[in-house]
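Structure data follow from start18.cif (mmCIF, C-alpha atoms and all ligand atoms):
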data_protein
#
loop_
_atom_site.label_atom_id
_atom_site.label_comp_id
_atom_site.auth_asym_id
_atom_site.auth_seq_id
_atom_site.Cartn_x
_atom_site.Cartn_y
_atom_site.Cartn_z
CA LEU A 1 -32.70 -3.97 1.89
CA ASP A 2 -34.97 -1.15 0.80
CA GLU A 3 -35.64 -0.44 4.46
CA GLY A 4 -31.97 0.42 4.87
CA LEU A 5 -30.94 -2.52 7.04
CA ARG A 6 -27.77 -1.93 8.98
CA CYS A 7 -25.16 -4.28 10.32
CA ILE A 8 -25.40 -4.67 14.10
CA GLY A 9 -21.61 -4.85 14.29
CA CYS A 10 -20.44 -1.83 12.36
CA GLY A 11 -23.54 0.11 11.41
CA ALA A 12 -22.83 -0.06 7.67
CA LEU A 13 -25.81 -0.25 5.33
CA MET A 14 -26.26 -3.88 4.32
CA GLN A 15 -25.79 -4.67 0.63
CA VAL A 16 -25.54 -7.85 -1.46
CA SER A 17 -23.77 -6.61 -4.59
CA ASP A 18 -20.14 -5.71 -3.84
CA PRO A 19 -17.98 -7.95 -1.60
CA GLU A 20 -15.27 -5.27 -1.52
CA LYS A 21 -17.53 -2.62 -0.03
CA ALA A 22 -18.81 -2.11 3.49
CA GLY A 23 -21.94 -3.95 4.65
CA PHE A 24 -21.67 -6.85 2.22
CA LEU A 25 -23.45 -10.14 2.83
CA PRO A 26 -24.38 -12.68 0.14
CA MET A 27 -28.14 -12.78 -0.48
CA SER A 28 -28.49 -16.34 0.85
CA ALA A 29 -26.77 -15.48 4.11
CA LEU A 30 -28.73 -12.26 4.39
CA LYS A 31 -32.08 -14.10 4.52
CA LYS A 32 -30.78 -16.37 7.27
CA ALA A 33 -29.37 -13.43 9.18
CA ILE A 34 -32.70 -11.60 9.08
CA ASP A 35 -34.60 -14.69 10.25
CA SER A 36 -32.24 -15.27 13.16
CA GLU A 37 -32.05 -11.54 13.97
CA GLU A 38 -28.26 -11.76 13.85
CA LEU A 39 -27.71 -9.15 11.22
CA PHE A 40 -23.96 -8.91 10.77
CA CYS A 41 -22.17 -8.08 7.52
CA LYS A 42 -19.65 -10.64 6.28
CA ARG A 43 -16.75 -8.61 7.60
CA CYS A 44 -18.18 -8.37 11.13
CA PHE A 45 -19.26 -12.00 11.01
CA ARG A 46 -15.69 -13.06 10.26
CA LEU A 47 -14.38 -10.79 12.94
CA ARG A 48 -16.73 -12.23 15.55
CA HIS A 49 -16.18 -15.84 14.64
CA TYR A 50 -12.65 -15.99 13.40
CA ASN A 51 -11.06 -12.90 14.92
CA GLU A 52 -10.13 -11.78 11.48
CA ILE A 53 -10.85 -8.52 9.74
CA GLN A 54 -11.22 -7.92 6.03
CA PRO A 55 -10.34 -4.70 4.23
CA VAL A 56 -13.02 -2.25 3.22
CA GLU A 57 -12.54 0.45 0.61
CA LEU A 58 -13.61 4.03 0.77
CA THR A 59 -14.00 6.92 -1.66
CA ASP A 60 -11.84 10.05 -1.39
CA ALA A 61 -14.72 12.17 -0.12
CA ASP A 62 -15.67 9.66 2.57
CA PHE A 63 -12.06 9.44 3.57
CA ALA A 64 -11.60 13.18 3.84
CA LYS A 65 -14.65 13.28 6.10
CA LEU A 66 -13.31 10.48 8.26
CA LEU A 67 -9.90 12.06 8.66
CA HIS A 68 -11.52 15.36 9.47
CA GLN A 69 -13.37 13.74 12.33
CA ILE A 70 -10.09 12.46 13.66
CA SER A 71 -8.76 16.02 13.77
CA ASP A 72 -11.45 16.87 16.32
CA THR A 73 -10.21 14.24 18.74
CA ARG A 74 -6.96 13.70 20.60
CA ALA A 75 -5.40 10.59 19.17
CA LEU A 76 -2.24 8.91 18.00
CA ILE A 77 -2.26 8.35 14.25
CA VAL A 78 -0.62 5.15 13.06
CA TYR A 79 0.08 5.72 9.36
CA VAL A 80 0.78 2.42 7.61
CA ILE A 81 2.78 2.61 4.39
CA ASP A 82 4.22 0.05 1.99
CA ILE A 83 8.01 0.48 1.94
CA PHE A 84 8.06 -1.05 -1.54
CA ASP A 85 5.61 1.60 -2.81
CA VAL A 86 6.14 4.74 -0.75
CA THR A 87 4.58 7.13 -3.27
CA GLY A 88 1.64 4.82 -3.84
CA SER A 89 1.11 4.80 -0.06
CA GLU A 90 0.76 8.54 0.25
CA ILE A 91 -2.46 9.95 1.67
CA SER A 92 -2.22 13.50 0.41
CA GLY A 93 -3.05 16.11 2.97
CA LEU A 94 -2.79 13.66 5.87
CA PRO A 95 -1.20 16.05 8.39
CA ARG A 96 -3.74 18.75 7.60
CA PHE A 97 -6.63 16.32 7.96
CA VAL A 98 -5.66 14.62 11.18
CA GLY A 99 -4.84 17.86 12.96
CA GLN A 100 -1.54 19.49 13.82
CA ASP A 101 -1.61 18.32 17.42
CA ASN A 102 -2.07 14.63 16.75
CA PRO A 103 1.27 12.83 16.49
CA ILE A 104 1.85 10.48 13.53
CA LEU A 105 3.69 7.20 14.00
CA VAL A 106 4.72 5.82 10.61
CA VAL A 107 4.69 2.05 10.29
CA ALA A 108 6.62 1.07 7.17
CA ASN A 109 5.36 -2.38 6.21
CA LYS A 110 6.69 -5.12 3.88
CA VAL A 111 10.37 -4.67 4.77
CA ASP A 112 10.71 -8.40 4.06
CA LEU A 113 10.75 -7.43 0.37
CA LEU A 114 13.92 -5.34 0.66
CA PRO A 115 17.40 -6.86 0.62
CA LYS A 116 18.16 -8.13 4.13
CA LEU A 117 21.58 -6.51 4.29
CA LEU A 118 20.09 -3.06 3.96
CA ASN A 119 21.19 -0.65 6.69
CA LYS A 120 17.98 -0.03 8.64
CA ASN A 121 19.04 3.33 10.08
CA ARG A 122 19.93 4.62 6.66
CA LEU A 123 16.57 3.41 5.38
CA LYS A 124 14.78 5.26 8.18
CA ASN A 125 16.67 8.46 7.41
CA TRP A 126 15.81 8.12 3.75
CA LEU A 127 12.15 7.57 4.58
CA GLN A 128 12.14 10.53 6.92
CA ALA A 129 13.29 12.77 4.04
CA GLU A 130 10.64 11.30 1.71
CA LEU A 131 7.94 11.87 4.31
CA LYS A 132 9.11 15.43 4.84
CA MET A 133 8.29 16.09 1.20
CA GLN A 134 4.78 14.79 1.93
CA GLY A 135 4.62 17.33 4.75
CA ILE A 136 4.83 14.66 7.42
CA LYS A 137 7.06 14.86 10.47
CA PRO A 138 6.58 11.48 12.14
CA ILE A 139 7.07 11.09 15.87
CA ASP A 140 8.88 7.86 14.96
CA ILE A 141 9.28 5.39 12.11
CA PHE A 142 8.79 1.69 12.74
CA LEU A 143 9.93 -0.87 10.15
CA THR A 144 8.03 -4.14 10.08
CA SER A 145 6.64 -6.99 8.06
CA ALA A 146 3.04 -7.75 8.91
CA GLN A 147 3.32 -11.02 7.04
CA ARG A 148 6.34 -12.22 8.99
CA PRO A 149 6.24 -10.14 12.13
CA GLN A 150 9.22 -10.57 14.42
CA ASN A 151 8.89 -7.35 16.33
CA LEU A 152 5.16 -7.12 16.95
CA ASP A 153 5.64 -6.75 20.71
CA ASN A 154 7.97 -3.84 20.06
CA LEU A 155 5.41 -2.26 17.78
CA LEU A 156 2.67 -2.60 20.39
CA ASP A 157 5.00 -1.15 23.03
CA THR A 158 5.92 1.72 20.71
CA ILE A 159 2.25 2.48 20.05
CA ASP A 160 1.51 2.30 23.76
CA TYR A 161 4.40 4.62 24.55
CA PHE A 162 3.43 7.30 22.06
CA ARG A 163 -0.31 7.24 22.55
CA GLU A 164 0.00 8.64 26.10
CA GLY A 165 -3.42 7.41 27.11
CA ARG A 166 -5.10 8.46 23.84
CA ASP A 167 -7.09 6.49 21.29
CA VAL A 168 -5.18 5.16 18.28
CA TYR A 169 -6.34 5.53 14.67
CA VAL A 170 -4.74 3.24 12.11
CA VAL A 171 -4.86 4.76 8.61
CA GLY A 172 -3.48 3.73 5.23
CA VAL A 173 -4.34 3.37 1.55
CA THR A 174 -5.48 -0.05 0.31
CA ASN A 175 -2.87 -2.74 -0.25
CA VAL A 176 -0.27 -1.43 2.16
CA GLY A 177 -1.04 -4.40 4.43
CA LYS A 178 -3.11 -2.63 7.07
CA SER A 179 -5.56 -5.52 7.51
CA THR A 180 -2.74 -8.01 7.78
CA LEU A 181 -1.14 -5.87 10.45
CA ILE A 182 -4.36 -5.36 12.41
CA ASN A 183 -5.03 -9.09 12.28
CA GLN A 184 -1.61 -9.70 13.78
CA ILE A 185 -2.36 -7.20 16.51
CA ILE A 186 -5.69 -8.92 17.21
CA LYS A 187 -3.96 -12.31 17.35
CA ALA A 188 -1.24 -11.02 19.63
CA GLY A 189 -4.09 -10.15 21.95
CA THR A 190 -2.22 -7.56 23.94
CA GLY A 191 -4.79 -5.57 25.86
CA VAL A 192 -7.55 -7.04 23.73
CA GLN A 193 -10.50 -8.25 25.72
CA ASP A 194 -13.82 -8.72 23.97
CA LEU A 195 -13.30 -7.90 20.39
CA ILE A 196 -16.10 -5.63 19.29
CA THR A 197 -17.09 -3.70 16.24
CA THR A 198 -18.82 -0.49 17.04
CA SER A 199 -20.86 2.12 15.39
CA ARG A 200 -20.10 4.04 12.24
CA PHE A 201 -19.27 7.72 12.19
CA PRO A 202 -22.47 9.76 12.37
CA GLY A 203 -23.92 10.81 9.05
CA THR A 204 -21.77 8.59 6.89
CA THR A 205 -21.79 4.96 5.89
CA LEU A 206 -18.25 4.44 7.12
CA ASP A 207 -17.69 1.58 9.38
CA ARG A 208 -14.80 1.12 11.68
CA ILE A 209 -13.38 -1.63 13.83
CA GLU A 210 -12.52 -0.80 17.41
CA ILE A 211 -10.09 -2.88 19.38
CA PRO A 212 -10.30 -2.15 23.10
CA LEU A 213 -7.02 -1.33 24.83
CA ALA A 214 -6.18 -2.11 28.43
CA ASP A 215 -6.96 1.39 29.77
CA GLY A 216 -10.41 1.64 28.20
CA LYS A 217 -9.10 3.49 25.16
CA LYS A 218 -9.41 2.05 21.65
CA LEU A 219 -7.36 1.17 18.63
CA ILE A 220 -9.52 2.07 15.65
CA ASP A 221 -9.05 0.52 12.24
CA THR A 222 -10.25 2.81 9.46
CA PRO A 223 -11.16 1.69 5.93
CA GLY A 224 -8.40 1.98 3.35
CA ILE A 225 -8.48 4.75 0.76
CA ILE A 226 -8.25 3.67 -2.88
CA LYS A 227 -5.41 5.07 -4.99
CA ARG A 228 -5.94 5.17 -8.70
CA ASP A 229 -2.46 5.62 -10.18
CA GLN A 230 -1.34 2.10 -9.31
CA MET A 231 -0.46 -0.87 -11.50
CA ALA A 232 -3.38 -2.63 -9.82
CA HIS A 233 -5.72 -0.65 -12.02
CA VAL A 234 -4.17 -1.50 -15.37
CA LEU A 235 -3.34 -5.17 -14.84
CA ALA A 236 -5.48 -8.27 -14.79
CA ASP A 237 -5.51 -9.94 -11.37
CA LYS A 238 -3.32 -12.90 -12.28
CA ASP A 239 -0.75 -10.65 -13.99
CA LEU A 240 -0.68 -8.40 -10.98
CA LYS A 241 -0.06 -11.37 -8.70
CA PHE A 242 2.82 -12.37 -10.91
CA ALA A 243 4.35 -8.89 -11.22
CA LEU A 244 4.31 -7.87 -7.56
CA PRO A 245 7.16 -9.09 -5.36
CA LYS A 246 6.37 -11.87 -2.94
CA ASN A 247 9.79 -12.50 -1.42
CA GLU A 248 13.01 -10.65 -0.76
CA ILE A 249 13.97 -8.87 -3.96
CA LYS A 250 17.27 -9.92 -5.53
CA PRO A 251 18.68 -6.73 -7.06
CA ARG A 252 19.71 -7.14 -10.71
CA THR A 253 22.64 -5.03 -11.91
CA TYR A 254 23.37 -4.15 -15.54
CA GLN A 255 26.36 -2.40 -17.11
CA LEU A 256 24.74 -0.10 -19.63
CA ASN A 257 26.01 1.99 -22.49
CA SER A 258 23.98 4.98 -23.54
CA GLU A 259 21.20 4.20 -25.99
CA GLN A 260 20.34 0.92 -24.33
CA THR A 261 16.90 -0.09 -23.09
CA ILE A 262 15.63 -2.49 -20.45
CA PHE A 263 12.09 -3.82 -20.71
CA ILE A 264 10.40 -4.77 -17.45
CA GLY A 265 8.24 -7.63 -18.71
CA GLY A 266 5.78 -5.93 -21.03
CA LEU A 267 4.78 -3.51 -18.30
CA ALA A 268 7.38 -0.81 -18.36
CA ARG A 269 10.54 0.29 -20.07
CA PHE A 270 13.75 2.07 -19.07
CA ASP A 271 15.90 3.95 -21.60
CA PHE A 272 19.48 4.96 -20.80
CA GLU A 273 19.51 7.83 -23.24
CA LEU A 274 22.74 9.65 -22.56
CA GLY A 275 25.76 9.34 -20.25
CA GLN A 276 29.00 7.45 -19.56
CA ARG A 277 28.87 3.66 -19.47
CA THR A 278 27.52 2.86 -16.00
CA ALA A 279 25.95 0.30 -13.67
CA VAL A 280 22.21 0.46 -12.96
CA THR A 281 20.41 -1.80 -10.49
CA ALA A 282 16.84 -2.99 -10.93
CA TYR A 283 14.48 -3.87 -8.05
CA PHE A 284 11.50 -5.86 -9.28
CA GLU A 285 9.77 -9.15 -8.54
CA ASN A 286 12.43 -11.83 -9.07
CA ASN A 287 10.39 -13.77 -11.63
CA LEU A 288 9.64 -10.73 -13.74
CA ASN A 289 11.67 -11.00 -16.94
CA LEU A 290 13.98 -8.03 -17.58
CA HIS A 291 15.10 -7.79 -21.16
CA ARG A 292 17.98 -5.63 -22.39
CA THR A 293 18.04 -4.35 -25.96
CA LYS A 294 19.15 -1.39 -28.12
CA LEU A 295 17.22 1.85 -27.73
CA LEU A 296 17.13 2.15 -31.48
CA GLY A 297 14.43 -0.29 -32.53
CA ALA A 298 13.01 -0.69 -29.01
CA ASP A 299 9.58 0.55 -30.16
CA ASP A 300 9.36 -2.11 -32.84
CA PHE A 301 10.72 -4.72 -30.45
CA TYR A 302 7.91 -3.95 -28.01
CA ASP A 303 5.22 -4.05 -30.68
CA LYS A 304 6.48 -7.43 -31.78
CA HIS A 305 7.04 -9.08 -28.39
CA ALA A 306 4.56 -7.52 -25.91
CA GLY A 307 2.53 -10.29 -24.32
CA GLY A 308 5.08 -12.89 -25.53
CA LEU A 309 8.76 -12.48 -24.71
CA LEU A 310 7.80 -9.29 -22.89
CA ALA A 311 5.10 -10.51 -20.51
CA PRO A 312 2.93 -9.77 -18.77
CA SER A 313 1.63 -6.72 -20.58
CA PRO A 314 -1.31 -4.54 -19.58
CA HIS A 315 -4.66 -6.12 -20.39
CA GLY A 316 -2.76 -8.97 -22.02
CA THR A 317 -2.31 -7.05 -25.26
CA THR A 318 0.02 -4.51 -26.78
CA THR A 319 -0.69 -1.13 -25.37
CA ASP A 320 0.98 2.20 -25.69
CA LEU A 321 3.40 2.99 -22.93
CA VAL A 322 3.74 6.65 -21.97
CA LYS A 323 7.24 8.15 -21.88
CA HIS A 324 8.62 10.28 -19.03
CA GLU A 325 12.11 11.86 -19.44
CA PHE A 326 14.50 12.86 -16.68
CA SER A 327 17.94 14.47 -16.33
CA ILE A 328 19.52 13.03 -13.21
CA THR A 329 21.56 15.30 -10.93
CA GLU A 330 22.07 13.06 -7.87
CA ASP A 331 22.07 9.30 -7.30
CA SER A 332 18.41 8.46 -7.83
CA ASP A 333 15.75 5.83 -8.32
CA ILE A 334 13.46 5.94 -11.29
CA VAL A 335 10.25 4.56 -9.82
CA PHE A 336 7.49 2.74 -11.72
CA ALA A 337 4.67 3.24 -9.23
CA GLY A 338 3.90 0.01 -7.42
CA LEU A 339 6.02 -2.13 -9.73
CA GLY A 340 9.56 -1.39 -8.59
CA TRP A 341 12.47 0.87 -9.46
CA ILE A 342 15.89 1.17 -11.10
CA SER A 343 18.69 2.99 -9.30
CA ILE A 344 20.80 5.24 -11.52
CA PRO A 345 23.82 7.49 -10.93
CA ALA A 346 24.00 11.27 -11.23
CA GLY A 347 24.83 12.85 -14.58
CA VAL A 348 22.73 10.75 -16.96
CA LYS A 349 19.64 11.30 -19.08
CA VAL A 350 17.03 8.56 -18.87
CA ALA A 351 13.41 7.85 -19.74
CA GLY A 352 10.85 5.64 -18.02
CA TRP A 353 7.80 4.28 -19.82
CA ALA A 354 4.68 2.94 -18.14
CA PRO A 355 1.05 2.33 -19.06
CA LYS A 356 -1.13 5.43 -19.13
CA GLY A 357 -2.26 6.30 -15.60
CA VAL A 358 0.73 4.72 -13.87
CA SER A 359 3.19 7.28 -12.53
CA VAL A 360 6.90 7.25 -13.27
CA LEU A 361 8.95 9.47 -11.00
CA ILE A 362 12.41 10.23 -9.69
CA ARG A 363 13.42 10.11 -6.05
CA LYS A 364 16.63 10.13 -4.05
CA ALA A 365 18.14 6.64 -4.15
CA MET A 366 16.72 4.42 -1.41
CA ILE A 367 19.49 1.84 -1.32
P1 LIG B 1 -4.84 -3.49 3.14
O1 LIG B 1 -5.63 -3.24 1.89
O2 LIG B 1 -3.95 -2.34 3.48
O3 LIG B 1 -5.66 -3.92 4.29
O4 LIG B 1 -3.81 -4.65 2.76
P2 LIG B 1 -3.86 -6.23 3.02
O5 LIG B 1 -3.62 -6.54 4.44
O6 LIG B 1 -5.09 -6.78 2.40
O7 LIG B 1 -2.57 -6.66 2.19
C1 LIG B 1 -2.40 -6.33 0.81
C2 LIG B 1 -1.43 -7.30 0.17
O8 LIG B 1 -0.12 -7.14 0.72
C3 LIG B 1 -1.80 -8.77 0.43
O9 LIG B 1 -1.50 -9.48 -0.74
C4 LIG B 1 -0.88 -9.17 1.57
O10 LIG B 1 -0.60 -10.54 1.55
C5 LIG B 1 0.35 -8.34 1.28
N1 LIG B 1 1.12 -8.04 2.51
C6 LIG B 1 0.64 -7.55 3.67
N2 LIG B 1 1.63 -7.39 4.56
C7 LIG B 1 2.77 -7.78 3.95
C8 LIG B 1 4.15 -7.86 4.35
O11 LIG B 1 4.55 -7.53 5.47
N3 LIG B 1 5.03 -8.32 3.43
C9 LIG B 1 4.65 -8.70 2.18
N4 LIG B 1 5.59 -9.16 1.35
N5 LIG B 1 3.37 -8.64 1.77
C10 LIG B 1 2.45 -8.20 2.64
#
Would you write out, as structure tokens, the structure that this file holds?
Amino acid sequence: LDEGLRCIGCGALMQVSDPEKAGFLPMSALKKAIDSEELFCKRCFRLRHYNEIQPVELTDADFAKLLHQISDTRALIVYVIDIFDVTGSEISGLPRFVGQDNPILVVANKVDLLPKLLNKNRLKNWLQAELKMQGIKPIDIFLTSAQRPQNLDNLLDTIDYFREGRDVYVVGVTNVGKSTLINQIIKAGTGVQDLITTSRFPGTTLDRIEIPLADGKKLIDTPGIIKRDQMAHVLADKDLKFALPKNEIKPRTYQLNSEQTIFIGGLARFDFELGQRTAVTAYFENNLNLHRTKLLGADDFYDKHAGGLLAPSPHGTTTDLVKHEFSITEDSDIVFAGLGWISIPAGVKVAGWAPKGVSVLIRKAMI
């Protein structure tokens, strides 16, 4: 390893310590690989043998460099986002990085989590407005579910239509489902001949996966950028699995008077501080317990029940939630980044509480 061994497949520096990072191979496998002169990292090995890619994470600086290199080429950018966590999916500065001339096709993934009856055109319009605030004017928006793809052919056709003979770069932050999507594309096999992994970008340890397209161009999978203000970073793995939605969300509606509180497990809290009696609708994982109580005494209630009645809670213990207050002027969602949201009407004063480091924000109502 001291000699700086590199993977034949992707060019990443081989390492034995971190399975999440590029170039990983367990020590035992590494010895065998060296002996047989088949030095592939675990990711490339899986790709070669099982036609399956695994996600790799990247630091902000590496990512900025990678995106900058894209801006020097003519390409179609496929920007994968998680429709359940639009803010958490944001790559800030994306349009600037990838170049003004490169069109961006937004693929909004995980639509299976949203209520089926949702008007898809309305959703697209809403997303368009959200993206505009991120400075992104997509050439088109494609709604899909990489886990249960029904329109994969359409997606491939759409990509083919917009790429106009160019290469395609697929970008996205971690957890939006980019690997799942790419694996579906690989399986679908459209235009895919010999699946290959090719060399890293010069001067960096980034690896990338290239999928050959019919006309000799490539679809390039880039590593996912890590976002830090997500629930994923304050919750233990098993709690996170429990708290994140797995199936279509069943909206839960409450008639609230002012000075009432809803706890979202032990993870977050919503206060209806001031306003006429009204209906609010909560969108969270169906098994996550929502508990309504009086605002007065809510602090004590949390201290007493966090980790018990109010579970899960961050790190499995009581922790201080941070309060964010909002005066609402149009129908809005109060969003607990990555966890879900509560839709509220105009003309009320509310507060959202979340663990330190997890954003709480207001957006125009999605549904
Ligand atoms: P990546 O980090 O962007 O490559 O994301 P992954 O492909 O590893 O997926 C992250 C998580 O989201 C995994 O738990 C997937 O099972 C899940 N996931 C991916 N696509 C979908 C989807 O279309 N719907 C749902 N509900 N979950 C998905």
Query - For A:Ile141: contacts at 8 Å, only C-alpha atoms, fewer than 4 positions along chain excluded, given as an NGL selection string - result: :A and (105-108 or 124 or 128)
Could you dump the residues just selected with C-alpha atoms as a short mmCIF file (atom, residue, chain, number, x, y, z; two decimals), in the coordinates of the input?
data_model
loop_
_atom_site.label_atom_id
_atom_site.label_comp_id
_atom_site.auth_asym_id
_atom_site.auth_seq_id
_atom_site.Cartn_x
_atom_site.Cartn_y
_atom_site.Cartn_z
CA LEU A 105 3.69 7.20 14.00
CA VAL A 106 4.72 5.82 10.61
CA VAL A 107 4.69 2.05 10.29
CA ALA A 108 6.62 1.07 7.17
CA LYS A 124 14.78 5.26 8.18
CA GLN A 128 12.14 10.53 6.92
#
**Report entry** Shell of 9 Å around stretch 78-87 of chain A, only C-alpha atoms, local chain residues under 3 positions omitted, as a ChimeraX atom specification
**Finding:** /A:90,103-111,113-114,127,130-131,143,159,168-173,175-178,181,245,335,337-340
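Each of A:Lys241, A:Asp215, A:Leu39, A:Gly352 was checked against A:Glu164 using all atoms listed in the file; the smallest atom-to-atom distance is that of A:Asp215.
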Set the distance at 9 Å and use all atoms listed in the file: which residues neighbour A:Ala354 once local chain neighbours fewer than 5 positions away are removed? I'd like the list as a PDB file with C-alpha atoms, keeping the file's coordinate frame.
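Once everything was written out, this is part14.pdb:
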ATOM      1  CA  LEU A 267       4.780  -3.510 -18.300  1.00  0.00           C
ATOM      2  CA  ALA A 268       7.380  -0.810 -18.360  1.00  0.00           C
ATOM      3  CA  ARG A 269      10.540   0.290 -20.070  1.00  0.00           C
ATOM      4  CA  ASP A 320       0.980   2.200 -25.690  1.00  0.00           C
ATOM      5  CA  LEU A 321       3.400   2.990 -22.930  1.00  0.00           C
ATOM      6  CA  VAL A 322       3.740   6.650 -21.970  1.00  0.00           C
ATOM      7  CA  LYS A 323       7.240   8.150 -21.880  1.00  0.00           C
ATOM      8  CA  HIS A 324       8.620  10.280 -19.030  1.00  0.00           C
ATOM      9  CA  PHE A 336       7.490   2.740 -11.720  1.00  0.00           C
ATOM     10  CA  ALA A 337       4.670   3.240  -9.230  1.00  0.00           C
ATOM     11  CA  SER A 359       3.190   7.280 -12.530  1.00  0.00           C
ATOM     12  CA  VAL A 360       6.900   7.250 -13.270  1.00  0.00           C
TER      13      VAL A 360
END
Query raised in the report: Pick the closest to ligand LIG 1 (chain B) from A:Asp303, A:Glu38, A:Asp331, A:Asp237: which is it, counting all atoms listed in the file?
Result: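 Of all the options, A:Asp237 lies closest to ligand LIG 1 (chain B).
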Query - Straight-line distance linking atom CA of A:Asn247 with atom C8 of ligand LIG 1 (chain B), stated in Å to one decimal - result: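 Distance between the two atoms: 9.3 Å.
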Report task. One decimal, Å: what's the distance from atom CA of A:Ile91 over to atom CA of A:Ile186, could you say? Result ->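 Separating atom CA of A:Ile91 from atom CA of A:Ile186 is a distance of 24.7 Å.
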**Report entry** Nearest candidate to A:Trp353 (options A:Glu37, A:Glu210, A:Glu248, A:Glu325; using only C-alpha atoms)
**Finding:** A:Glu325
Query - atom CA of A:Asp221 to atom CA of A:Asn125, distance in Å rounded to a single decimal - result: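 One can read the atom CA of A:Asp221 to atom CA of A:Asn125 distance as 27.3 Å.
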Query raised in the report: Given the choices A:Pro312, A:Pro223, A:Gly135, A:Gly165, which gets closest to ligand LIG 1 (chain B) if the distance is worked out from only C-alpha atoms and all ligand atoms?
Result: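 Answer, going by the shortest atom-to-atom distance: A:Pro223.
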Query - Who sits within 9 Å of A:Gln260, only C-alpha atoms, same chain under 2 positions skipped, as a PyMOL selection string - result: chain A and resi 256-258+262+270-273+292-296+298
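Between ligand LIG 1 (chain B) and the residues A:Gln276, A:Ser28, A:Thr174, A:Asn154, the shortest atom-to-atom distance, using all atoms listed in the file, involves A:Thr174.
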Query raised in the report: Out of A:Pro251, A:Gly308, A:Pro115, A:Gly224, which residue has the shortest atom-to-atom distance to A:Gly265 when counting all atoms listed in the file?
Result: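 Among A:Pro251, A:Gly308, A:Pro115, A:Gly224, it is A:Gly308 that comes nearest to A:Gly265.
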Query raised in the report: Using all atoms listed in the file, what residues lie at most 6 Å away from (18.7, 10.5, -18.4) (file coordinates), given as a PyMOL selection string?
Result: chain A and resi 273-274+326-328+348-350
To test the calculation: enclose all listed atoms of stretch 294-307 of chain A in a box whose edges run along x, y and z, add 4 Å on each side, then state centre and edge lengths in Å to one decimal, as JSON.
{"center_x": 10.8, "center_y": -4.1, "center_z": -28.6, "size_x": 24.6, "size_y": 20.4, "size_z": 16.5}
